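What follows is a short report on a single structure.
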Amino acid sequence: MAERPRLVFTGNVLVDVVLTIDRLPGAGGDTLASSSRLTAGGGLNTMAAARRDGMPVTFLGRHGQGPFGDIVHAALRAEGIEAAQPAISDLDSGYCVVLVDGSAERTFVTWVGAEGRLGRADLDLTAVRSGDIVYVSGYSLAHLRNAAAIPGWLRDLPPGARVITDPSPLIGTLDPATLVDVMAHTDVFSANAPEARLASGEDQPGVAAAHLVRRIRPGGFVVVRDGPNGCWLAGDDLGPVPVHVPGFAVPAVDTTGAGDTHCGVLAAALARGLTPRQAAVRANAAAALAVTLPGP
């Protein structure tokens with residue numbers, strides 16, 4: 001009996017320090033938060049979404065040992081996610097200060113810890129199988145050591161393994177040559193509308209998707225997530241024009257983790273054999289559910 005496809009995740013898991021505020025203060029200003037919490041975040045959101053949708057998940061990134069590393073490890077264990085790497089004993093995991101304002105928009109400031117120490121030998125600890133879906137995040141590519149290791153590792157993956165790349169809001173700061181290399185080995189490129197605009201130079205999400213599909217592996221497809229409007233798909237197998245997949249109208253409480261949820265459920269849907277359009281409908285529904293509750 002064939003083994004079930006896994007999500008093999010190479011991104012980062014760190015701790016979110018989440019503060020709820022009415023609005024961002026001006027430079028040099030101050031404000032009081034109405035709530036605060038510590039929770040594992042970052043790539044955990046994508047992995048948890050895929051895992052809760054029934055997909056086995058292996059976390060291939062690094063995590064640390066210390067107060068934040070303990071939160072990360074406990075969260076992975078609680079979600080049933082396999083951690084392929086041991087904790088780095090002399091370095092804690094990083095953290096991100098997340099400011100959620102009255103419009104449900106969020107602003108991030110991140111401190112990098114053990115998650116920035118992913119090398120080729122670490123990636124080779126897990127044998128990727130044909131049928132597995134490998135996930136690459138722009139947050140990981142922002143770290144020099146990770147960015148040096150991931151493209152070559154992608155080139156050496158077995159035939160039949162698929163790669164999903166989410167460039168993250170850091171797309172404008174990534175090394176262009178590294179991003180080109182990663183995209184050439186990507187089967188599904190998923191970005192939100194502002195990220196797609198930066199990558200393509202196109203303002204319209206559908207046009208951006210059509211532009212970006214030329215930069216990924218032949219036969220793949222691009223997803224441009226457009227918030228409550230759903231998402232746009234483009235790919236050779238989807239027809240000559242971009243496809244709009246409508247979203248679901250819900251009251252938004254907190255948009256943190258919505259894109260991560262979309263990507264995780266998209267991966268799980270593709271792994272069980274759904275078409276790109278079917279997978280996008282399911283991912284849109286999951287992202288809509290995610291924004292109705294506080295937290296990622």
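To be explicit about the labels: the chains of the structure tokens are called A, B, and onward in the order shown, and within each one the residues are counted from 1, while ligands get numbers from 1 in the order they are shown.
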
Excluding range 88-98 of chain A and residues on its chain fewer than 2 positions from it, collect all residues at most 9 Å away from it, counting only C-alpha atoms, and give them as a ChimeraX atom specification.
/A:13-20,40-42,62-70,72,85-86,100,106-117,256

Using only C-alpha atoms, which protein or nucleic acid residues come within 7 Å of range 47-50 of chain A? Drop anything in the same chain fewer than 6 positions from it, and give the result as a PDB file with all heavy atoms, in the first residue's frame.
```pdb
ATOM      1  N   VAL A  57       2.199  15.735   8.315  1.00  0.00           N
ATOM      2  CA  VAL A  57       3.091  16.886   8.176  1.00  0.00           C
ATOM      3  C   VAL A  57       4.420  16.603   8.870  1.00  0.00           C
ATOM      4  O   VAL A  57       4.445  16.129  10.011  1.00  0.00           O
ATOM      5  CB  VAL A  57       2.461  18.160   8.777  1.00  0.00           C
ATOM      6  CG1 VAL A  57       3.422  19.339   8.660  1.00  0.00           C
ATOM      7  CG2 VAL A  57       1.139  18.489   8.089  1.00  0.00           C
ATOM      8  N   GLU A  79      -0.278  19.547  17.753  1.00  0.00           N
ATOM      9  CA  GLU A  79      -0.918  19.428  16.442  1.00  0.00           C
ATOM     10  C   GLU A  79      -0.603  18.105  15.750  1.00  0.00           C
ATOM     11  O   GLU A  79      -1.069  17.851  14.646  1.00  0.00           O
ATOM     12  CB  GLU A  79      -0.492  20.593  15.531  1.00  0.00           C
ATOM     13  CG  GLU A  79      -0.987  21.951  15.979  1.00  0.00           C
ATOM     14  CD  GLU A  79      -2.494  22.118  15.816  1.00  0.00           C
ATOM     15  OE1 GLU A  79      -3.133  21.279  15.149  1.00  0.00           O
ATOM     16  OE2 GLU A  79      -3.040  23.097  16.366  1.00  0.00           O
ATOM     17  N   THR A 261      -3.293  29.628   6.390  1.00  0.00           N
ATOM     18  CA  THR A 261      -4.369  28.643   6.384  1.00  0.00           C
ATOM     19  C   THR A 261      -4.734  28.257   4.953  1.00  0.00           C
ATOM     20  O   THR A 261      -4.920  27.076   4.635  1.00  0.00           O
ATOM     21  CB  THR A 261      -5.603  29.205   7.105  1.00  0.00           C
ATOM     22  OG1 THR A 261      -5.262  29.507   8.457  1.00  0.00           O
ATOM     23  CG2 THR A 261      -6.756  28.219   7.080  1.00  0.00           C
ATOM     24  N   GLY A 264      -2.052  25.905   3.573  1.00  0.00           N
ATOM     25  CA  GLY A 264      -2.057  24.588   4.181  1.00  0.00           C
ATOM     26  C   GLY A 264      -3.199  23.720   3.683  1.00  0.00           C
ATOM     27  O   GLY A 264      -3.019  22.533   3.365  1.00  0.00           O
ATOM     28  N   VAL A 265      -4.390  24.299   3.599  1.00  0.00           N
ATOM     29  CA  VAL A 265      -5.551  23.539   3.131  1.00  0.00           C
ATOM     30  C   VAL A 265      -5.452  23.290   1.625  1.00  0.00           C
ATOM     31  O   VAL A 265      -5.867  22.231   1.133  1.00  0.00           O
ATOM     32  CB  VAL A 265      -6.851  24.259   3.520  1.00  0.00           C
ATOM     33  CG1 VAL A 265      -8.063  23.629   2.849  1.00  0.00           C
ATOM     34  CG2 VAL A 265      -7.017  24.224   5.033  1.00  0.00           C
ATOM     35  N   ALA A 267      -2.672  22.692   0.050  1.00  0.00           N
ATOM     36  CA  ALA A 267      -1.759  21.542  -0.050  1.00  0.00           C
ATOM     37  C   ALA A 267      -2.477  20.240   0.261  1.00  0.00           C
ATOM     38  O   ALA A 267      -2.330  19.241  -0.454  1.00  0.00           O
ATOM     39  CB  ALA A 267      -0.572  21.737   0.888  1.00  0.00           C
ATOM     40  N   ALA A 268      -3.269  20.229   1.335  1.00  0.00           N
ATOM     41  CA  ALA A 268      -3.984  19.012   1.719  1.00  0.00           C
ATOM     42  C   ALA A 268      -4.984  18.599   0.639  1.00  0.00           C
ATOM     43  O   ALA A 268      -5.156  17.405   0.353  1.00  0.00           O
ATOM     44  CB  ALA A 268      -4.698  19.224   3.049  1.00  0.00           C
TER      45      ALA A 268
END
```

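The nearest approach to Pro167 in chain A among the residues A:Ala269, A:Ile21, A:Ala249, A:Cys263, with only C-alpha atoms taken into account, belongs to A:Cys263.
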
Do you know which residues are at most 8 Å from Ala209 in chain A counting only C-alpha atoms, after dropping those on the same chain fewer than 3 positions away, and could you put them as number ranges by chain?
A: 196, 205-206, 212-213, 222-224, 232-234, 242

How would the residues just picked look written out with C-alpha atoms as a PDB file, in the first residue's frame?
```
ATOM      1  CA  ALA A 196       2.131  39.272  -6.539  1.00  0.00           C
ATOM      2  CA  PRO A 205      -4.403  39.933  -9.385  1.00  0.00           C
ATOM      3  CA  GLY A 206      -5.486  37.874 -12.394  1.00  0.00           C
ATOM      4  CA  LEU A 212       4.021  34.749 -12.792  1.00  0.00           C
ATOM      5  CA  VAL A 213       3.015  31.342 -14.171  1.00  0.00           C
ATOM      6  CA  VAL A 222      -0.131  30.293  -9.631  1.00  0.00           C
ATOM      7  CA  VAL A 223      -2.532  31.353  -6.873  1.00  0.00           C
ATOM      8  CA  VAL A 224      -2.968  35.052  -6.112  1.00  0.00           C
ATOM      9  CA  TRP A 232      -7.101  34.007  -8.911  1.00  0.00           C
ATOM     10  CA  LEU A 233      -5.548  30.988 -10.619  1.00  0.00           C
ATOM     11  CA  ALA A 234      -3.407  30.792 -13.738  1.00  0.00           C
ATOM     12  CA  PRO A 242      -6.914  33.533 -15.356  1.00  0.00           C
TER      13      PRO A 242
END
```

Could you check how far CA of Val250 in chain A sits from CA of Arg282 in chain A, in Å to one decimal?
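Between these atoms lies a distance of 15.0 Å.
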
Using DSSP assignments from the backbone, pull out every residue in range 180-239 of chain A that falls under helix (DSSP H, G or I) and give it to me as a PyMOL selection string.
chain A and resi 180-184+193-200+205-215+227-229+236-238

Would you write out those residues with N, CA, C and O atoms, as a short mmCIF file (atom, residue, chain, number, x, y, z; two decimals), in the first residue's frame?
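Listed below is the output, part_36.cif:
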```cif
data_model
loop_
_atom_site.label_atom_id
_atom_site.label_comp_id
_atom_site.auth_asym_id
_atom_site.auth_seq_id
_atom_site.Cartn_x
_atom_site.Cartn_y
_atom_site.Cartn_z
N VAL A 180 14.45 33.47 -8.27
CA VAL A 180 14.34 32.91 -9.62
C VAL A 180 14.62 31.41 -9.60
O VAL A 180 13.91 30.61 -10.22
N ASP A 181 15.67 31.02 -8.88
CA ASP A 181 16.06 29.61 -8.79
C ASP A 181 14.96 28.78 -8.13
O ASP A 181 14.58 27.71 -8.61
N VAL A 182 14.41 29.28 -7.03
CA VAL A 182 13.36 28.56 -6.32
C VAL A 182 12.11 28.45 -7.19
O VAL A 182 11.49 27.38 -7.29
N MET A 183 11.73 29.53 -7.84
CA MET A 183 10.52 29.51 -8.67
C MET A 183 10.65 28.54 -9.84
O MET A 183 9.67 27.92 -10.27
N ALA A 184 11.85 28.37 -10.35
CA ALA A 184 12.06 27.44 -11.46
C ALA A 184 11.79 26.00 -11.06
O ALA A 184 11.57 25.14 -11.93
N ALA A 193 -2.15 39.46 -3.01
CA ALA A 193 -2.16 40.42 -4.11
C ALA A 193 -1.00 41.41 -4.05
O ALA A 193 -0.35 41.66 -5.08
N PRO A 194 -0.67 42.01 -2.87
CA PRO A 194 0.47 42.92 -2.84
C PRO A 194 1.80 42.23 -3.18
O PRO A 194 2.65 42.81 -3.87
N GLU A 195 1.97 40.99 -2.71
CA GLU A 195 3.20 40.25 -3.03
C GLU A 195 3.29 39.96 -4.52
O GLU A 195 4.36 40.09 -5.14
N ALA A 196 2.16 39.56 -5.11
CA ALA A 196 2.13 39.27 -6.54
C ALA A 196 2.42 40.53 -7.35
O ALA A 196 3.07 40.48 -8.40
N ARG A 197 1.94 41.66 -6.86
CA ARG A 197 2.19 42.94 -7.55
C ARG A 197 3.69 43.25 -7.56
O ARG A 197 4.26 43.65 -8.58
N LEU A 198 4.35 43.03 -6.41
CA LEU A 198 5.79 43.28 -6.33
C LEU A 198 6.56 42.34 -7.25
O LEU A 198 7.54 42.74 -7.89
N ALA A 199 6.12 41.08 -7.32
CA ALA A 199 6.85 40.09 -8.10
C ALA A 199 6.65 40.25 -9.60
O ALA A 199 7.53 39.92 -10.40
N SER A 200 5.47 40.76 -10.00
CA SER A 200 5.13 40.80 -11.42
C SER A 200 5.12 42.19 -12.03
O SER A 200 5.22 42.33 -13.26
N PRO A 205 -4.81 41.27 -9.86
CA PRO A 205 -4.40 39.93 -9.39
C PRO A 205 -4.40 38.87 -10.48
O PRO A 205 -3.47 38.05 -10.56
N GLY A 206 -5.43 38.87 -11.33
CA GLY A 206 -5.49 37.87 -12.39
C GLY A 206 -4.36 38.04 -13.40
O GLY A 206 -3.74 37.06 -13.84
N VAL A 207 -4.06 39.27 -13.75
CA VAL A 207 -2.98 39.55 -14.69
C VAL A 207 -1.64 39.17 -14.07
O VAL A 207 -0.76 38.61 -14.74
N ALA A 208 -1.49 39.47 -12.78
CA ALA A 208 -0.26 39.10 -12.08
C ALA A 208 -0.08 37.59 -12.08
O ALA A 208 1.03 37.08 -12.29
N ALA A 209 -1.16 36.84 -11.84
CA ALA A 209 -1.07 35.38 -11.84
C ALA A 209 -0.62 34.87 -13.20
O ALA A 209 0.24 33.98 -13.30
N ALA A 210 -1.19 35.42 -14.28
CA ALA A 210 -0.82 34.99 -15.62
C ALA A 210 0.64 35.32 -15.93
O ALA A 210 1.33 34.56 -16.63
N HIS A 211 1.13 36.43 -15.41
CA HIS A 211 2.52 36.81 -15.62
C HIS A 211 3.47 35.86 -14.87
O HIS A 211 4.47 35.41 -15.42
N LEU A 212 3.12 35.54 -13.63
CA LEU A 212 4.02 34.75 -12.79
C LEU A 212 4.07 33.28 -13.19
O LEU A 212 5.07 32.61 -12.93
N VAL A 213 3.02 32.77 -13.83
CA VAL A 213 3.02 31.34 -14.17
C VAL A 213 4.13 31.01 -15.16
O VAL A 213 4.58 29.85 -15.23
N ARG A 214 4.61 31.99 -15.90
CA ARG A 214 5.69 31.75 -16.85
C ARG A 214 7.03 31.54 -16.16
O ARG A 214 8.00 31.12 -16.79
N ARG A 215 7.09 31.84 -14.84
CA ARG A 215 8.36 31.75 -14.11
C ARG A 215 8.47 30.49 -13.27
O ARG A 215 9.51 30.26 -12.64
N GLY A 227 -7.79 38.30 -0.51
CA GLY A 227 -8.58 38.57 0.68
C GLY A 227 -10.00 38.06 0.54
O GLY A 227 -10.23 36.94 0.06
N PRO A 228 -11.01 38.86 0.93
CA PRO A 228 -12.41 38.40 0.88
C PRO A 228 -12.90 38.15 -0.54
O PRO A 228 -13.95 37.52 -0.72
N ASN A 229 -12.17 38.63 -1.54
CA ASN A 229 -12.57 38.39 -2.93
C ASN A 229 -12.21 36.99 -3.42
O ASN A 229 -12.54 36.63 -4.55
N ASP A 236 -1.24 26.51 -17.35
CA ASP A 236 -1.52 25.96 -18.67
C ASP A 236 -2.74 25.04 -18.68
O ASP A 236 -3.50 25.00 -19.65
N ASP A 237 -2.93 24.29 -17.58
CA ASP A 237 -4.04 23.34 -17.53
C ASP A 237 -5.37 23.99 -17.15
O ASP A 237 -6.41 23.32 -17.10
N LEU A 238 -5.35 25.30 -16.86
CA LEU A 238 -6.56 26.01 -16.43
C LEU A 238 -7.20 26.81 -17.55
O LEU A 238 -8.24 27.43 -17.36
#
```

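Among the candidate residues A:Pro151, A:Val281, A:Gly119, A:Asn12, the one lying nearest to Tyr139 in chain A is A:Asn12, with distances computed using only C-alpha atoms.
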
Go through A:Ala283, A:Gly257, A:Glu82, A:Leu99 and flag the residue nearest Thr31 in chain A, using only C-alpha atoms for the distances.
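Once distances to Thr31 in chain A are computed over only C-alpha atoms, the minimum belongs to A:Leu99.
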
Apply DSSP to the structure's backbone, then extract all residues of range 5-134 of chain A labelled strand (DSSP E) and return them as a ChimeraX atom specification.
/A:7-9,13-20,35-42,57-59,82-83,95-100,106-111,133-134

Nearest residue to Ile133 in chain A from the set A:Ser190, A:Gln204, A:Thr165, A:Thr173 (distances using only C-alpha atoms)
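The shortest atom-to-atom distance to Ile133 in chain A comes from A:Thr165.
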
Between CA of Ala83 in chain A and CA of Asn146 in chain A, what is the distance, to one decimal in Å?
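CA of Asn146 in chain A lies at a distance of 17.1 Å from CA of Ala83 in chain A.
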
Of the residues A:Val291, A:Ala87, A:Ala74, A:Val163, which is the one nearest to Val188 in chain A, using only C-alpha atoms?
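Of A:Val291, A:Ala87, A:Ala74, A:Val163, the one nearest Val188 in chain A is A:Val163, counting only C-alpha atoms.
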
Interatomic distance, CA of Ala104 in chain A to CA of Ala290 in chain A (Å, one decimal):
12.2 Å

Which residues come within 10 Å of Leu123 in chain A, counting only C-alpha atoms, excluding same-chain residues fewer than 3 positions away, as a list of chain:residue names?
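Listed by chain and then number, they are A:Thr10, A:Leu60, A:Gly61, A:Arg62, A:Ala84, A:Gln85, A:Leu118, A:Gly119, A:Arg120, A:Thr126, A:Ala127, A:Val128, A:Asn146, A:Ala149, A:Ile150, A:Trp153, A:Leu154.
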
For the selection you just gave me, I'd like the residues written to a file as a PDB file, in the first residue's frame, keeping N, CA, C and O atoms.
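Result file result_4.pdb:
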```
ATOM      1  N   THR A  10       9.632  23.481   5.062  1.00  0.00           N
ATOM      2  CA  THR A  10      10.989  24.004   5.281  1.00  0.00           C
ATOM      3  C   THR A  10      10.999  25.424   5.841  1.00  0.00           C
ATOM      4  O   THR A  10      12.055  26.028   5.965  1.00  0.00           O
ATOM      5  N   LEU A  60      10.587  20.379   8.801  1.00  0.00           N
ATOM      6  CA  LEU A  60      12.002  20.185   8.508  1.00  0.00           C
ATOM      7  C   LEU A  60      12.853  21.383   8.917  1.00  0.00           C
ATOM      8  O   LEU A  60      14.070  21.379   8.744  1.00  0.00           O
ATOM      9  N   GLY A  61      12.226  22.439   9.460  1.00  0.00           N
ATOM     10  CA  GLY A  61      12.973  23.615   9.888  1.00  0.00           C
ATOM     11  C   GLY A  61      13.646  23.402  11.241  1.00  0.00           C
ATOM     12  O   GLY A  61      13.511  22.361  11.882  1.00  0.00           O
ATOM     13  N   ARG A  62      14.363  24.419  11.682  1.00  0.00           N
ATOM     14  CA  ARG A  62      15.058  24.363  12.959  1.00  0.00           C
ATOM     15  C   ARG A  62      14.261  25.089  14.036  1.00  0.00           C
ATOM     16  O   ARG A  62      13.537  26.051  13.763  1.00  0.00           O
ATOM     17  N   ALA A  84      11.480  16.932  12.435  1.00  0.00           N
ATOM     18  CA  ALA A  84      12.599  16.132  11.945  1.00  0.00           C
ATOM     19  C   ALA A  84      13.920  16.531  12.583  1.00  0.00           C
ATOM     20  O   ALA A  84      14.858  15.729  12.626  1.00  0.00           O
ATOM     21  N   GLN A  85      14.008  17.765  13.084  1.00  0.00           N
ATOM     22  CA  GLN A  85      15.266  18.282  13.616  1.00  0.00           C
ATOM     23  C   GLN A  85      15.264  18.294  15.140  1.00  0.00           C
ATOM     24  O   GLN A  85      14.236  18.585  15.758  1.00  0.00           O
ATOM     25  N   LEU A 118      19.123  26.791   9.154  1.00  0.00           N
ATOM     26  CA  LEU A 118      18.799  25.594   8.377  1.00  0.00           C
ATOM     27  C   LEU A 118      19.822  25.411   7.259  1.00  0.00           C
ATOM     28  O   LEU A 118      19.908  26.226   6.343  1.00  0.00           O
ATOM     29  N   GLY A 119      20.592  24.314   7.324  1.00  0.00           N
ATOM     30  CA  GLY A 119      21.599  24.028   6.309  1.00  0.00           C
ATOM     31  C   GLY A 119      21.247  22.812   5.476  1.00  0.00           C
ATOM     32  O   GLY A 119      20.265  22.114   5.730  1.00  0.00           O
ATOM     33  N   ARG A 120      22.070  22.524   4.479  1.00  0.00           N
ATOM     34  CA  ARG A 120      21.792  21.394   3.582  1.00  0.00           C
ATOM     35  C   ARG A 120      21.780  20.069   4.341  1.00  0.00           C
ATOM     36  O   ARG A 120      20.932  19.199   4.083  1.00  0.00           O
ATOM     37  N   THR A 126      15.594  14.199   6.169  1.00  0.00           N
ATOM     38  CA  THR A 126      14.328  13.567   5.790  1.00  0.00           C
ATOM     39  C   THR A 126      14.350  13.207   4.312  1.00  0.00           C
ATOM     40  O   THR A 126      14.657  14.055   3.469  1.00  0.00           O
ATOM     41  N   ALA A 127      14.051  11.959   4.011  1.00  0.00           N
ATOM     42  CA  ALA A 127      13.978  11.514   2.624  1.00  0.00           C
ATOM     43  C   ALA A 127      12.609  11.879   2.065  1.00  0.00           C
ATOM     44  O   ALA A 127      11.584  11.324   2.468  1.00  0.00           O
ATOM     45  N   VAL A 128      12.581  12.837   1.149  1.00  0.00           N
ATOM     46  CA  VAL A 128      11.328  13.242   0.502  1.00  0.00           C
ATOM     47  C   VAL A 128      10.929  12.162  -0.494  1.00  0.00           C
ATOM     48  O   VAL A 128      11.753  11.675  -1.269  1.00  0.00           O
ATOM     49  N   ASN A 146      19.718  29.547   5.231  1.00  0.00           N
ATOM     50  CA  ASN A 146      18.589  28.818   4.648  1.00  0.00           C
ATOM     51  C   ASN A 146      18.550  29.011   3.136  1.00  0.00           C
ATOM     52  O   ASN A 146      18.354  28.057   2.376  1.00  0.00           O
ATOM     53  N   ALA A 149      20.957  26.964   1.141  1.00  0.00           N
ATOM     54  CA  ALA A 149      20.770  25.515   1.125  1.00  0.00           C
ATOM     55  C   ALA A 149      19.556  25.063   0.320  1.00  0.00           C
ATOM     56  O   ALA A 149      19.585  24.008  -0.329  1.00  0.00           O
ATOM     57  N   ILE A 150      18.470  25.831   0.361  1.00  0.00           N
ATOM     58  CA  ILE A 150      17.193  25.339  -0.167  1.00  0.00           C
ATOM     59  C   ILE A 150      17.174  25.153  -1.688  1.00  0.00           C
ATOM     60  O   ILE A 150      16.708  24.109  -2.178  1.00  0.00           O
ATOM     61  N   TRP A 153      18.833  21.917  -2.817  1.00  0.00           N
ATOM     62  CA  TRP A 153      18.073  20.779  -2.289  1.00  0.00           C
ATOM     63  C   TRP A 153      16.825  20.541  -3.127  1.00  0.00           C
ATOM     64  O   TRP A 153      16.475  19.392  -3.422  1.00  0.00           O
ATOM     65  N   LEU A 154      16.159  21.620  -3.553  1.00  0.00           N
ATOM     66  CA  LEU A 154      14.980  21.476  -4.405  1.00  0.00           C
ATOM     67  C   LEU A 154      15.340  20.802  -5.728  1.00  0.00           C
ATOM     68  O   LEU A 154      14.578  19.973  -6.244  1.00  0.00           O
TER      69      LEU A 154
END
```
